[in-house]
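Raw contents of structure_26.cif, mmCIF, C-alpha atoms and all ligand atoms:
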```cif
data_model
#
loop_
_atom_site.group_PDB
_atom_site.id
_atom_site.type_symbol
_atom_site.label_atom_id
_atom_site.label_comp_id
_atom_site.auth_asym_id
_atom_site.auth_seq_id
_atom_site.Cartn_x
_atom_site.Cartn_y
_atom_site.Cartn_z
ATOM 1 C CA MET A 1 37.929 -70.515 79.925
ATOM 2 C CA TYR A 2 35.481 -73.217 80.997
ATOM 3 C CA ASP A 3 36.170 -74.543 84.533
ATOM 4 C CA TYR A 4 37.151 -78.135 83.824
ATOM 5 C CA ASN A 5 37.956 -78.777 87.489
ATOM 6 C CA SER A 6 34.218 -78.595 88.180
ATOM 7 C CA ASN A 7 33.775 -81.867 86.288
ATOM 8 C CA VAL A 8 36.093 -83.966 88.338
ATOM 9 C CA SER A 9 34.344 -84.647 91.626
ATOM 10 C CA ASN A 10 33.100 -88.201 92.315
ATOM 11 C CA ILE A 11 35.049 -89.669 89.471
ATOM 12 C CA ASN A 12 36.552 -93.097 89.319
ATOM 13 C CA PHE A 13 40.102 -92.426 88.133
ATOM 14 C CA GLY A 14 42.350 -94.983 86.466
ATOM 15 C CA TYR A 15 45.221 -96.407 88.435
ATOM 16 C CA LEU A 16 48.771 -95.097 88.195
ATOM 17 C CA ILE A 17 51.081 -96.694 85.676
ATOM 18 C CA SER A 18 51.853 -100.153 86.984
ATOM 19 C CA GLU A 19 53.269 -103.206 85.248
ATOM 20 C CA LYS A 20 49.914 -103.564 83.524
ATOM 21 C CA GLY A 21 50.160 -99.974 82.251
ATOM 22 C CA PRO A 22 47.596 -97.219 82.735
ATOM 23 C CA LYS A 23 43.992 -97.806 81.812
ATOM 24 C CA MET A 24 41.472 -95.127 81.030
ATOM 25 C CA THR A 25 38.205 -95.374 82.936
ATOM 26 C CA ASN A 26 34.915 -94.456 81.288
ATOM 27 C CA GLU A 27 34.693 -91.388 83.495
ATOM 28 C CA GLU A 28 38.129 -90.231 82.398
ATOM 29 C CA TYR A 29 37.186 -90.820 78.788
ATOM 30 C CA LEU A 30 34.144 -88.566 79.248
ATOM 31 C CA LEU A 31 36.332 -85.868 80.804
ATOM 32 C CA PHE A 32 38.790 -85.891 77.917
ATOM 33 C CA ARG A 33 35.995 -86.095 75.383
ATOM 34 C CA SER A 34 34.270 -83.031 76.750
ATOM 35 C CA LEU A 35 37.537 -81.092 77.073
ATOM 36 C CA ILE A 36 38.441 -81.849 73.445
ATOM 37 C CA TYR A 37 34.928 -81.062 72.234
ATOM 38 C CA ASN A 38 34.742 -77.765 74.120
ATOM 39 C CA GLU A 39 38.138 -76.610 72.941
ATOM 40 C CA SER A 40 38.280 -77.882 69.349
ATOM 41 C CA GLY A 41 34.796 -78.971 68.274
ATOM 42 C CA MET A 42 36.041 -82.513 67.563
ATOM 43 C CA TYR A 43 33.574 -85.038 68.895
ATOM 44 C CA PHE A 44 34.715 -88.563 69.770
ATOM 45 C CA LYS A 45 32.062 -91.266 69.834
ATOM 46 C CA ASP A 46 31.956 -94.009 72.502
ATOM 47 C CA THR A 47 33.651 -96.370 70.039
ATOM 48 C CA LYS A 48 36.781 -94.183 69.948
ATOM 49 C CA LYS A 49 37.790 -94.781 73.565
ATOM 50 C CA GLU A 50 40.602 -97.221 72.787
ATOM 51 C CA PHE A 51 41.977 -94.984 70.056
ATOM 52 C CA MET A 52 42.027 -91.991 72.408
ATOM 53 C CA GLU A 53 43.470 -94.043 75.253
ATOM 54 C CA SER A 54 46.438 -95.198 73.178
ATOM 55 C CA LYS A 55 47.224 -91.627 72.041
ATOM 56 C CA ILE A 56 46.903 -90.243 75.572
ATOM 57 C CA ILE A 57 49.218 -92.891 76.989
ATOM 58 C CA LYS A 58 51.881 -91.887 74.443
ATOM 59 C CA ARG A 59 51.570 -88.245 75.568
ATOM 60 C CA LEU A 60 51.702 -89.317 79.226
ATOM 61 C CA LYS A 61 55.019 -91.017 78.588
ATOM 62 C CA ALA A 62 56.390 -88.065 76.620
ATOM 63 C CA ASN A 63 55.518 -85.781 79.543
ATOM 64 C CA ASN A 64 56.709 -88.214 82.200
ATOM 65 C CA ILE A 65 53.319 -88.113 83.896
ATOM 66 C CA ARG A 66 52.211 -91.203 85.772
ATOM 67 C CA SER A 67 48.435 -91.232 85.560
ATOM 68 C CA ILE A 68 45.762 -90.342 83.056
ATOM 69 C CA TYR A 69 44.018 -88.133 85.557
ATOM 70 C CA ARG A 70 47.246 -86.202 86.304
ATOM 71 C CA TYR A 71 47.678 -85.725 82.587
ATOM 72 C CA TYR A 72 44.148 -84.293 82.440
ATOM 73 C CA LYS A 73 45.014 -81.878 85.283
ATOM 74 C CA HIS A 74 48.173 -80.919 83.368
ATOM 75 C CA LEU A 75 46.104 -80.188 80.232
ATOM 76 C CA ILE A 76 43.691 -77.896 82.047
ATOM 77 C CA SER A 77 46.448 -76.023 83.850
ATOM 78 C CA GLU A 78 46.857 -72.425 82.728
ATOM 79 C CA SER A 79 50.570 -72.478 81.956
ATOM 80 C CA GLU A 80 51.838 -75.541 80.069
ATOM 81 C CA GLY A 81 48.397 -77.005 79.445
ATOM 82 C CA LYS A 82 47.478 -75.055 76.321
ATOM 83 C CA ARG A 83 50.627 -76.041 74.454
ATOM 84 C CA GLU A 84 50.286 -79.703 75.401
ATOM 85 C CA PHE A 85 46.597 -79.628 74.456
ATOM 86 C CA LEU A 86 47.548 -78.664 70.888
ATOM 87 C CA VAL A 87 50.107 -81.467 70.762
ATOM 88 C CA LEU A 88 47.438 -83.925 71.910
ATOM 89 C CA ILE A 89 45.001 -82.622 69.280
ATOM 90 C CA ASP A 90 47.738 -83.092 66.704
ATOM 91 C CA THR A 91 48.032 -86.775 67.581
ATOM 92 C CA LEU A 92 44.242 -87.293 67.620
ATOM 93 C CA ARG A 93 43.320 -85.462 64.429
ATOM 94 C CA ILE A 94 42.859 -87.118 61.050
ATOM 95 C CA GLY A 95 44.972 -85.194 58.558
ATOM 96 C CA GLU A 96 44.310 -87.245 55.445
ATOM 97 C CA THR A 97 44.476 -85.130 52.295
ATOM 98 C CA SER A 98 45.833 -85.094 48.749
ATOM 99 C CA PHE A 99 46.320 -82.841 45.747
ATOM 100 C CA PHE A 100 43.166 -82.599 43.590
ATOM 101 C CA ARG A 101 41.151 -84.498 46.192
ATOM 102 C CA ASN A 102 37.636 -84.984 44.788
ATOM 103 C CA ARG A 103 38.487 -83.949 41.228
ATOM 104 C CA PRO A 104 34.868 -83.244 40.140
ATOM 105 C CA GLN A 105 34.746 -80.455 42.741
ATOM 106 C CA PHE A 106 37.871 -78.907 41.234
ATOM 107 C CA ASP A 107 36.264 -79.169 37.750
ATOM 108 C CA LEU A 108 33.264 -77.221 39.074
ATOM 109 C CA PHE A 109 35.627 -74.741 40.735
ATOM 110 C CA ARG A 110 37.785 -74.162 37.622
ATOM 111 C CA GLU A 111 35.131 -74.393 34.891
ATOM 112 C CA LYS A 112 32.128 -72.650 36.467
ATOM 113 C CA ILE A 113 32.813 -70.876 39.740
ATOM 114 C CA LEU A 114 36.174 -69.222 39.044
ATOM 115 C CA PRO A 115 35.076 -67.787 35.658
ATOM 116 C CA GLU A 116 32.027 -66.277 37.426
ATOM 117 C CA VAL A 117 34.155 -64.791 40.216
ATOM 118 C CA ILE A 118 36.775 -63.526 37.749
ATOM 119 C CA GLU A 119 34.072 -61.849 35.640
ATOM 120 C CA GLU A 120 32.835 -60.018 38.767
ATOM 121 C CA LYS A 121 36.366 -58.888 39.624
ATOM 122 C CA LYS A 122 36.764 -57.244 36.214
ATOM 123 C CA LYS A 123 34.044 -54.773 37.275
ATOM 124 C CA ALA A 124 34.809 -54.636 41.003
ATOM 125 C CA VAL A 125 36.820 -52.015 42.888
ATOM 126 C CA CYS A 126 38.562 -54.685 44.970
ATOM 127 C CA LYS A 127 40.115 -57.002 42.425
ATOM 128 C CA ALA A 128 41.471 -59.636 44.813
ATOM 129 C CA VAL A 129 40.012 -63.153 44.640
ATOM 130 C CA LYS A 130 39.935 -64.297 48.265
ATOM 131 C CA ILE A 131 39.786 -68.003 49.016
ATOM 132 C CA TRP A 132 40.000 -69.708 52.414
ATOM 133 C CA SER A 133 40.977 -73.337 52.840
ATOM 134 C CA ALA A 134 39.750 -74.010 56.404
ATOM 135 C CA GLY A 135 41.282 -77.182 57.852
ATOM 136 C CA CYS A 136 43.950 -77.263 55.140
ATOM 137 C CA SER A 137 46.089 -79.982 56.756
ATOM 138 C CA THR A 138 49.505 -80.248 55.035
ATOM 139 C CA GLY A 139 48.730 -77.774 52.235
ATOM 140 C CA GLU A 140 47.744 -79.930 49.276
ATOM 141 C CA GLU A 141 44.262 -78.369 49.139
ATOM 142 C CA PRO A 142 45.282 -74.659 49.109
ATOM 143 C CA TYR A 143 48.074 -75.374 46.609
ATOM 144 C CA THR A 144 45.618 -77.190 44.318
ATOM 145 C CA ILE A 145 43.304 -74.163 44.623
ATOM 146 C CA ALA A 146 46.203 -71.861 43.661
ATOM 147 C CA MET A 147 47.075 -73.920 40.570
ATOM 148 C CA GLU A 148 43.448 -73.986 39.411
ATOM 149 C CA CYS A 149 43.179 -70.223 39.964
ATOM 150 C CA TYR A 150 46.156 -69.554 37.700
ATOM 151 C CA GLU A 151 44.670 -71.875 35.068
ATOM 152 C CA ALA A 152 41.310 -70.069 35.205
ATOM 153 C CA VAL A 153 42.908 -66.606 35.108
ATOM 154 C CA GLU A 154 44.989 -67.613 32.086
ATOM 155 C CA LYS A 155 41.862 -68.804 30.294
ATOM 156 C CA ASN A 156 39.527 -65.970 31.267
ATOM 157 C CA TYR A 157 41.743 -62.891 31.082
ATOM 158 C CA ARG A 158 42.726 -61.294 27.801
ATOM 159 C CA ARG A 159 46.364 -60.257 27.403
ATOM 160 C CA GLY A 160 46.858 -56.616 28.427
ATOM 161 C CA LEU A 161 44.206 -56.689 31.172
ATOM 162 C CA THR A 162 45.550 -56.627 34.744
ATOM 163 C CA PRO A 163 44.691 -60.026 36.251
ATOM 164 C CA PRO A 164 43.071 -60.171 39.694
ATOM 165 C CA LEU A 165 45.222 -60.626 42.767
ATOM 166 C CA LEU A 166 44.967 -64.087 44.284
ATOM 167 C CA GLU A 167 44.823 -64.402 48.069
ATOM 168 C CA ILE A 168 44.610 -67.972 49.305
ATOM 169 C CA ILE A 169 44.577 -68.540 53.051
ATOM 170 C CA GLY A 170 45.189 -71.994 54.495
ATOM 171 C CA SER A 171 44.388 -72.519 58.177
ATOM 172 C CA ASP A 172 44.505 -75.456 60.541
ATOM 173 C CA ILE A 173 44.622 -76.352 64.229
ATOM 174 C CA SER A 174 47.735 -78.480 63.740
ATOM 175 C CA PHE A 175 51.123 -76.789 63.967
ATOM 176 C CA SER A 176 52.925 -79.782 62.467
ATOM 177 C CA ALA A 177 50.572 -79.845 59.469
ATOM 178 C CA LEU A 178 51.028 -76.103 58.968
ATOM 179 C CA LYS A 179 54.808 -76.512 59.076
ATOM 180 C CA THR A 180 54.652 -79.041 56.218
ATOM 181 C CA ALA A 181 52.213 -76.795 54.353
ATOM 182 C CA LYS A 182 54.498 -73.774 54.655
ATOM 183 C CA ALA A 183 57.518 -75.786 53.489
ATOM 184 C CA GLY A 184 55.553 -76.795 50.371
ATOM 185 C CA ILE A 185 57.821 -79.746 49.588
ATOM 186 C CA TYR A 186 56.260 -83.121 48.787
ATOM 187 C CA SER A 187 57.500 -86.621 48.067
ATOM 188 C CA LYS A 188 56.846 -88.404 44.770
ATOM 189 C CA GLU A 189 54.015 -90.425 46.366
ATOM 190 C CA ARG A 190 52.244 -87.268 47.500
ATOM 191 C CA ILE A 191 52.177 -85.650 44.064
ATOM 192 C CA GLU A 192 50.755 -88.734 42.309
ATOM 193 C CA GLU A 193 47.445 -86.978 41.618
ATOM 194 C CA VAL A 194 49.106 -83.964 39.981
ATOM 195 C CA GLU A 195 48.960 -84.052 36.177
ATOM 196 C CA GLU A 196 52.247 -83.771 34.283
ATOM 197 C CA LYS A 197 51.197 -80.409 32.825
ATOM 198 C CA TYR A 198 50.710 -78.934 36.323
ATOM 199 C CA LEU A 199 53.898 -80.550 37.634
ATOM 200 C CA MET A 200 55.934 -78.891 34.903
ATOM 201 C CA LYS A 201 54.297 -75.510 35.431
ATOM 202 C CA TYR A 202 53.936 -75.239 39.187
ATOM 203 C CA PHE A 203 56.648 -77.425 40.803
ATOM 204 C CA ASN A 204 60.425 -77.539 40.949
ATOM 205 C CA VAL A 205 62.196 -80.838 41.504
ATOM 206 C CA GLU A 206 64.656 -80.599 44.417
ATOM 207 C CA ASP A 207 66.649 -83.669 45.509
ATOM 208 C CA GLY A 208 63.942 -86.017 44.287
ATOM 209 C CA SER A 209 61.166 -84.042 46.048
ATOM 210 C CA TYR A 210 58.684 -81.646 44.522
ATOM 211 C CA ALA A 211 58.621 -78.048 45.746
ATOM 212 C CA VAL A 212 55.730 -75.752 44.851
ATOM 213 C CA SER A 213 56.899 -72.875 42.679
ATOM 214 C CA GLU A 214 57.484 -69.308 43.802
ATOM 215 C CA GLN A 215 54.396 -68.218 41.851
ATOM 216 C CA ILE A 216 52.184 -70.563 43.897
ATOM 217 C CA ARG A 217 53.849 -69.622 47.196
ATOM 218 C CA ARG A 218 53.395 -65.919 46.552
ATOM 219 C CA CYS A 219 49.599 -66.131 46.610
ATOM 220 C CA THR A 220 49.302 -68.581 49.522
ATOM 221 C CA VAL A 221 49.546 -67.857 53.251
ATOM 222 C CA PHE A 222 49.146 -70.240 56.174
ATOM 223 C CA ASP A 223 47.988 -69.502 59.683
ATOM 224 C CA PHE A 224 46.966 -71.297 62.845
ATOM 225 C CA HIS A 225 43.225 -71.118 63.397
ATOM 226 C CA ASN A 226 40.900 -73.154 65.563
ATOM 227 C CA LEU A 227 37.538 -73.360 63.790
ATOM 228 C CA LYS A 228 35.812 -73.287 67.190
ATOM 229 C CA ASN A 229 36.696 -69.601 67.254
ATOM 230 C CA GLU A 230 35.732 -66.656 65.107
ATOM 231 C CA ASN A 231 38.610 -65.391 62.944
ATOM 232 C CA GLY A 232 37.078 -62.213 61.583
ATOM 233 C CA LEU A 233 37.632 -63.018 57.898
ATOM 234 C CA ARG A 234 35.059 -61.176 55.762
ATOM 235 C CA GLU A 235 34.182 -60.739 52.070
ATOM 236 C CA ILE A 236 35.648 -64.116 51.175
ATOM 237 C CA ASP A 237 34.746 -65.274 47.652
ATOM 238 C CA ILE A 238 35.114 -69.004 48.201
ATOM 239 C CA ILE A 239 35.607 -71.231 51.261
ATOM 240 C CA PHE A 240 36.824 -74.803 51.115
ATOM 241 C CA CYS A 241 36.144 -76.699 54.339
ATOM 242 C CA ARG A 242 36.205 -80.287 53.246
ATOM 243 C CA ASN A 243 36.352 -83.352 55.460
ATOM 244 C CA VAL A 244 36.522 -81.329 58.665
ATOM 245 C CA MET A 245 32.845 -81.070 59.690
ATOM 246 C CA ILE A 246 32.573 -84.859 59.856
ATOM 247 C CA TYR A 247 34.580 -84.733 63.096
ATOM 248 C CA PHE A 248 32.147 -82.220 64.668
ATOM 249 C CA ASP A 249 28.700 -82.952 66.107
ATOM 250 C CA LEU A 250 25.555 -81.318 64.726
ATOM 251 C CA ALA A 251 25.565 -78.348 67.132
ATOM 252 C CA GLU A 252 29.190 -77.526 66.308
ATOM 253 C CA GLN A 253 28.563 -77.980 62.560
ATOM 254 C CA LYS A 254 25.763 -75.407 62.786
ATOM 255 C CA ARG A 255 27.997 -72.934 64.585
ATOM 256 C CA LEU A 256 30.698 -73.455 61.952
ATOM 257 C CA ILE A 257 28.303 -72.848 59.059
ATOM 258 C CA ASP A 258 27.152 -69.633 60.774
ATOM 259 C CA LYS A 259 30.768 -68.459 60.857
ATOM 260 C CA PHE A 260 31.247 -69.343 57.188
ATOM 261 C CA TYR A 261 28.033 -67.512 56.308
ATOM 262 C CA ALA A 262 29.425 -64.375 57.977
ATOM 263 C CA SER A 263 32.837 -64.746 56.301
ATOM 264 C CA LEU A 264 31.498 -65.262 52.776
ATOM 265 C CA LYS A 265 30.385 -62.368 50.636
ATOM 266 C CA PRO A 266 26.817 -62.621 49.285
ATOM 267 C CA GLY A 267 26.934 -64.973 46.303
ATOM 268 C CA GLY A 268 30.143 -66.596 47.623
ATOM 269 C CA TYR A 269 30.678 -70.352 47.465
ATOM 270 C CA LEU A 270 31.291 -73.023 50.074
ATOM 271 C CA PHE A 271 32.852 -76.399 49.254
ATOM 272 C CA ILE A 272 32.394 -79.188 51.803
ATOM 273 C CA GLY A 273 33.469 -82.846 51.711
ATOM 274 C CA HIS A 274 31.596 -85.411 49.619
ATOM 275 C CA SER A 275 30.232 -87.145 52.727
ATOM 276 C CA GLU A 276 29.128 -83.849 54.304
ATOM 277 C CA THR A 277 25.910 -81.918 53.661
ATOM 278 C CA LEU A 278 24.175 -78.659 54.583
ATOM 279 C CA GLN A 279 20.784 -80.320 54.269
ATOM 280 C CA GLY A 280 18.903 -79.766 57.521
ATOM 281 C CA LEU A 281 21.762 -77.587 58.813
ATOM 282 C CA ASP A 282 21.283 -74.301 57.012
ATOM 283 C CA ASP A 283 18.906 -73.080 54.311
ATOM 284 C CA ARG A 284 20.775 -69.873 53.458
ATOM 285 C CA PHE A 285 22.828 -71.682 50.807
ATOM 286 C CA LYS A 286 21.814 -72.947 47.372
ATOM 287 C CA PHE A 287 23.086 -76.342 46.268
ATOM 288 C CA THR A 288 24.991 -76.109 43.000
ATOM 289 C CA TYR A 289 26.701 -78.753 40.842
ATOM 290 C CA PHE A 290 28.527 -79.457 37.614
ATOM 291 C CA ASN A 291 28.795 -83.082 36.532
ATOM 292 C CA LYS A 292 29.624 -84.808 39.829
ATOM 293 C CA GLY A 293 31.157 -81.781 41.534
ATOM 294 C CA THR A 294 29.070 -80.036 44.194
ATOM 295 C CA ALA A 295 29.217 -76.810 46.205
ATOM 296 C CA TYR A 296 26.890 -74.364 48.013
ATOM 297 C CA LYS A 297 26.265 -70.742 47.088
ATOM 298 C CA ARG A 298 25.496 -68.191 49.797
ATOM 299 C CA ILE A 299 22.143 -66.698 48.824
HETATM 300 C C1 LIG B 1 40.846 -84.857 57.023
HETATM 301 S S1 LIG B 1 41.750 -83.358 57.051
HETATM 302 C C2 LIG B 1 41.082 -82.553 55.625
HETATM 303 C C3 LIG B 1 42.115 -81.771 54.841
HETATM 304 C C4 LIG B 1 41.590 -81.104 53.573
HETATM 305 N N1 LIG B 1 40.569 -80.135 53.874
HETATM 306 C C5 LIG B 1 41.070 -82.146 52.612
HETATM 307 O O1 LIG B 1 39.853 -82.320 52.491
HETATM 308 O O2 LIG B 1 41.877 -82.802 51.959
HETATM 309 C C6 LIG B 1 40.951 -82.495 58.407
HETATM 310 C C7 LIG B 1 41.762 -81.305 58.931
HETATM 311 O O3 LIG B 1 40.932 -80.521 59.792
HETATM 312 C C8 LIG B 1 41.724 -80.036 60.849
HETATM 313 N N2 LIG B 1 40.884 -79.663 61.984
HETATM 314 C C9 LIG B 1 40.170 -80.474 62.809
HETATM 315 N N3 LIG B 1 39.561 -79.765 63.779
HETATM 316 C C10 LIG B 1 39.900 -78.465 63.555
HETATM 317 C C11 LIG B 1 39.602 -77.239 64.223
HETATM 318 N N4 LIG B 1 38.827 -77.201 65.314
HETATM 319 N N5 LIG B 1 40.115 -76.108 63.713
HETATM 320 C C12 LIG B 1 40.909 -76.126 62.617
HETATM 321 N N6 LIG B 1 41.239 -77.241 61.946
HETATM 322 C C13 LIG B 1 40.733 -78.401 62.416
HETATM 323 C C14 LIG B 1 42.666 -81.201 61.159
HETATM 324 O O4 LIG B 1 43.829 -80.776 61.851
HETATM 325 C C15 LIG B 1 42.961 -81.735 59.753
HETATM 326 O O5 LIG B 1 44.139 -81.186 59.225
#
```
Go through the file and emit its structure as structure tokens.
Amino acid sequence: MYDYNSNVSNINFGYLISEKGPKMTNEEYLLFRSLIYNESGMYFKDTKKEFMESKIIKRLKANNIRSIYRYYKHLISESEGKREFLVLIDTLRIGETSFFRNRPQFDLFREKILPEVIEEKKKAVCKAVKIWSAGCSTGEEPYTIAMECYEAVEKNYRRGLTPPLLEIIGSDISFSALKTAKAGIYSKERIEEVEEKYLMKYFNVEDGSYAVSEQIRRCTVFDFHNLKNENGLREIDIIFCRNVMIYFDLAEQKRLIDKFYASLKPGGYLFIGHSETLQGLDDRFKFTYFNKGTAYKRI
């Protein structure tokens, strides 16, 4: 692990909690920023100081720690620090997501990419379609992927032929998001984007909430994974990593795309968020689109 103690000499630390409350100095902000960047890849700009300060103060209180600097020392300690670091990340992360987010991308996925992948699987020895939703938040993205996969299989497989296995992996750095994802139960507001036809087919209504069906659960697994690290996944057909890279700086984005390149099989596809691009980052992918939906194909 990086020696974070080496950063802390000659630093102007904020005062202990007084009636005015703790205040984060610029130096402390830089310490936290570099710790968070080194450990998670998330990069906080100068303008995010107040946001980070308010979240850190909440964690200080929860841990009964009296100064921001002591909290920093607690985070970098070997024992309790790692667990608390993940809790802090959980409060700082943006987990916004929804079912069928960016519908044109799901049209491209269902109408063009899945039929191509399914066609390959008919001839392949390994018949599993492997899809990774990296930074899956509370599960809406991998469950949407699962529903679209079943739709595409139904349309592209003749009766009597054994359909491909579906393996959808959802991963995230947030334990609380993964807990919600694994539960697979959503309020009425959260399923607003799901068409009636899909609701009837892939959800069960339980006490006014909507639970994803057993069929969808069976092909979906969730796991903790920090995208800063390698996870060893290989021969993946399709990766979704949407609205995650925007929180990383350019150097970290490049490292992430390298990892995705290694995880994808040749000809595999990568979906990124609509405000993200591979232009200038990596030229080993070919831009592909259908109507307004876009993705990248590993050459
Ligand atoms: C804005 S959400 C996007 C969710 C979904 N992909 C979508 O587009 O709807 C970003 C997610 O990325 C996760 N994330 C951020 N940094 C991460 C990291 N280093 N490793 C894994 N997940 C990370 C956050 O916890 C959050 O759930």
Quick check on the file I pasted: which residues fall under the PyMOL selection byres (((chain A and resi 213) around 12) and not hetatm)? Write them as an mmCIF file with C-alpha atoms, in the frame of the given file.
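Saved the output as part_10.cif:
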```cif
data_model
loop_
_atom_site.group_PDB
_atom_site.id
_atom_site.type_symbol
_atom_site.label_atom_id
_atom_site.label_comp_id
_atom_site.auth_asym_id
_atom_site.auth_seq_id
_atom_site.Cartn_x
_atom_site.Cartn_y
_atom_site.Cartn_z
ATOM 1 C CA TYR A 143 48.074 -75.374 46.609
ATOM 2 C CA ALA A 146 46.203 -71.861 43.661
ATOM 3 C CA MET A 147 47.075 -73.920 40.570
ATOM 4 C CA ALA A 183 57.518 -75.786 53.489
ATOM 5 C CA GLY A 184 55.553 -76.795 50.371
ATOM 6 C CA ILE A 185 57.821 -79.746 49.588
ATOM 7 C CA TYR A 186 56.260 -83.121 48.787
ATOM 8 C CA TYR A 198 50.710 -78.934 36.323
ATOM 9 C CA LEU A 199 53.898 -80.550 37.634
ATOM 10 C CA MET A 200 55.934 -78.891 34.903
ATOM 11 C CA LYS A 201 54.297 -75.510 35.431
ATOM 12 C CA TYR A 202 53.936 -75.239 39.187
ATOM 13 C CA PHE A 203 56.648 -77.425 40.803
ATOM 14 C CA ASN A 204 60.425 -77.539 40.949
ATOM 15 C CA VAL A 205 62.196 -80.838 41.504
ATOM 16 C CA GLU A 206 64.656 -80.599 44.417
ATOM 17 C CA TYR A 210 58.684 -81.646 44.522
ATOM 18 C CA ALA A 211 58.621 -78.048 45.746
ATOM 19 C CA VAL A 212 55.730 -75.752 44.851
ATOM 20 C CA GLU A 214 57.484 -69.308 43.802
ATOM 21 C CA GLN A 215 54.396 -68.218 41.851
ATOM 22 C CA ILE A 216 52.184 -70.563 43.897
ATOM 23 C CA ARG A 217 53.849 -69.622 47.196
ATOM 24 C CA ARG A 218 53.395 -65.919 46.552
ATOM 25 C CA CYS A 219 49.599 -66.131 46.610
ATOM 26 C CA THR A 220 49.302 -68.581 49.522
#
```
Within 6 Å of ligand LIG 1 (chain B): each chain A residue with its shortest pair, only C-alpha atoms and all ligand atoms, as a Markdown table:
```
| residue | atom | partner | partner_atom | distance |
| --- | --- | --- | --- | --- |
| A:Ser40 | CA | B:LIG1 | N4 | 4.1 |
| A:Gly41 | CA | B:LIG1 | N4 | 5.3 |
| A:Met42 | CA | B:LIG1 | N3 | 5.9 |
| A:Arg93 | CA | B:LIG1 | O4 | 5.4 |
| A:Ile94 | CA | B:LIG1 | C1 | 5.0 |
| A:Gly95 | CA | B:LIG1 | S1 | 4.0 |
| A:Glu96 | CA | B:LIG1 | C1 | 4.5 |
| A:Thr97 | CA | B:LIG1 | O2 | 3.5 |
| A:Ser98 | CA | B:LIG1 | O2 | 5.6 |
| A:Gly135 | CA | B:LIG1 | O3 | 3.9 |
| A:Cys136 | CA | B:LIG1 | N1 | 4.6 |
| A:Ser137 | CA | B:LIG1 | O5 | 3.4 |
| A:Glu141 | CA | B:LIG1 | O2 | 5.8 |
| A:Asp172 | CA | B:LIG1 | N6 | 4.0 |
| A:Ile173 | CA | B:LIG1 | C12 | 4.1 |
| A:Ser174 | CA | B:LIG1 | O4 | 4.9 |
| A:His225 | CA | B:LIG1 | C12 | 5.6 |
| A:Asn226 | CA | B:LIG1 | N5 | 3.6 |
| A:Leu227 | CA | B:LIG1 | N5 | 3.8 |
| A:Lys228 | CA | B:LIG1 | N4 | 5.3 |
| A:Cys241 | CA | B:LIG1 | N1 | 5.6 |
| A:Arg242 | CA | B:LIG1 | O1 | 4.2 |
| A:Asn243 | CA | B:LIG1 | O1 | 4.7 |
| A:Val244 | CA | B:LIG1 | C6 | 4.6 |
```
- Task: Taking the file as shown, find all residues satisfying the PyMOL selection byres (((chain A and resi 117-129) around 8) and not hetatm) and write them as a list in words.
- Result: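 When the PyMOL selection byres (((chain A and resi 117-129) around 8) and not hetatm) is applied, the selected residues are Ile113, Leu114, Pro115, Glu116, Lys130, Ile131, Val153, Asn156, Pro164, Leu165, Leu166, Glu167, Ile236 and Asp237 of chain A.
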Grab the residues selected above and save them as a compact mmCIF listing (two decimals), keeping the file's coordinate frame with C-alpha atoms.
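What landed in again-v6.txt:
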```
# COMPACT_ATOMS: atom_id res chain seq x y z
CA ILE A 113 32.81 -70.88 39.74
CA LEU A 114 36.17 -69.22 39.04
CA PRO A 115 35.08 -67.79 35.66
CA GLU A 116 32.03 -66.28 37.43
CA LYS A 130 39.94 -64.30 48.26
CA ILE A 131 39.79 -68.00 49.02
CA VAL A 153 42.91 -66.61 35.11
CA ASN A 156 39.53 -65.97 31.27
CA PRO A 164 43.07 -60.17 39.69
CA LEU A 165 45.22 -60.63 42.77
CA LEU A 166 44.97 -64.09 44.28
CA GLU A 167 44.82 -64.40 48.07
CA ILE A 236 35.65 -64.12 51.18
CA ASP A 237 34.75 -65.27 47.65
```
Which centre and which edge lengths, in Å to one decimal, describe the axis-aligned box that holds all listed atoms of range 34-49 of chain A after 6 Å is added on each side, as JSON?
```
{"center_x": 35.2, "center_y": -86.5, "center_z": 72.3, "size_x": 18.5, "size_y": 31.8, "size_z": 21.5}
```
Could you check which of A:Ser171, A:Lys73, A:Tyr247, A:Leu161 is closest to Leu92 in chain A, using all atoms listed in the file?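 For Leu92 in chain A, the nearest of the given residues is A:Tyr247.
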**Ground truth for the PyMOL selection byres (((chain A and resi 144) around 9) and not hetatm), written as a VMD selection string** = chain A and resid 99 to 101 106 139 to 143 145 to 149 194
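For the pair CA of Lys286 in chain A and CA of Asp249 in chain A, the separation is 22.3 Å.
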request  = Compare A:Ala181, A:Met52, A:Ala295, A:Leu250 by their minimum atom-to-atom distance to Ile89 in chain A, counting all atoms listed in the file, and give me the closest one.
outcome  =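 Comparing A:Ala181, A:Met52, A:Ala295, A:Leu250 against Ile89 in chain A, the winner is A:Met52.
If all atoms listed in the file are the atoms counted, then among A:Leu281, A:Leu178, A:Leu35, A:Ile169 the closest residue to Ile238 in chain A is A:Ile169.
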Find the distance between CA of Lys49 in chain A and CA of Pro22 in chain A and write it in Å to one decimal.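 Between these atoms lies a distance of 13.6 Å.
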message = Nearest residue to Pro266 in chain A out of A:Arg59, A:Lys23, A:Lys297, A:Arg103, using only C-alpha atoms?
response =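 Of A:Arg59, A:Lys23, A:Lys297, A:Arg103, the one nearest Pro266 in chain A, counting only C-alpha atoms, is A:Lys297.
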Between CA of Ser34 in chain A and CA of Ala134 in chain A lies a distance of 22.9 Å
**OP:** Excluding Gly232 in chain A and any residue of its chain fewer than 3 positions from it, enumerate the residues within 12 Å of it, using only C-alpha atoms, and give them as a ChimeraX atom specification.
**Re:** /A:225,227,229,235-236,259-264
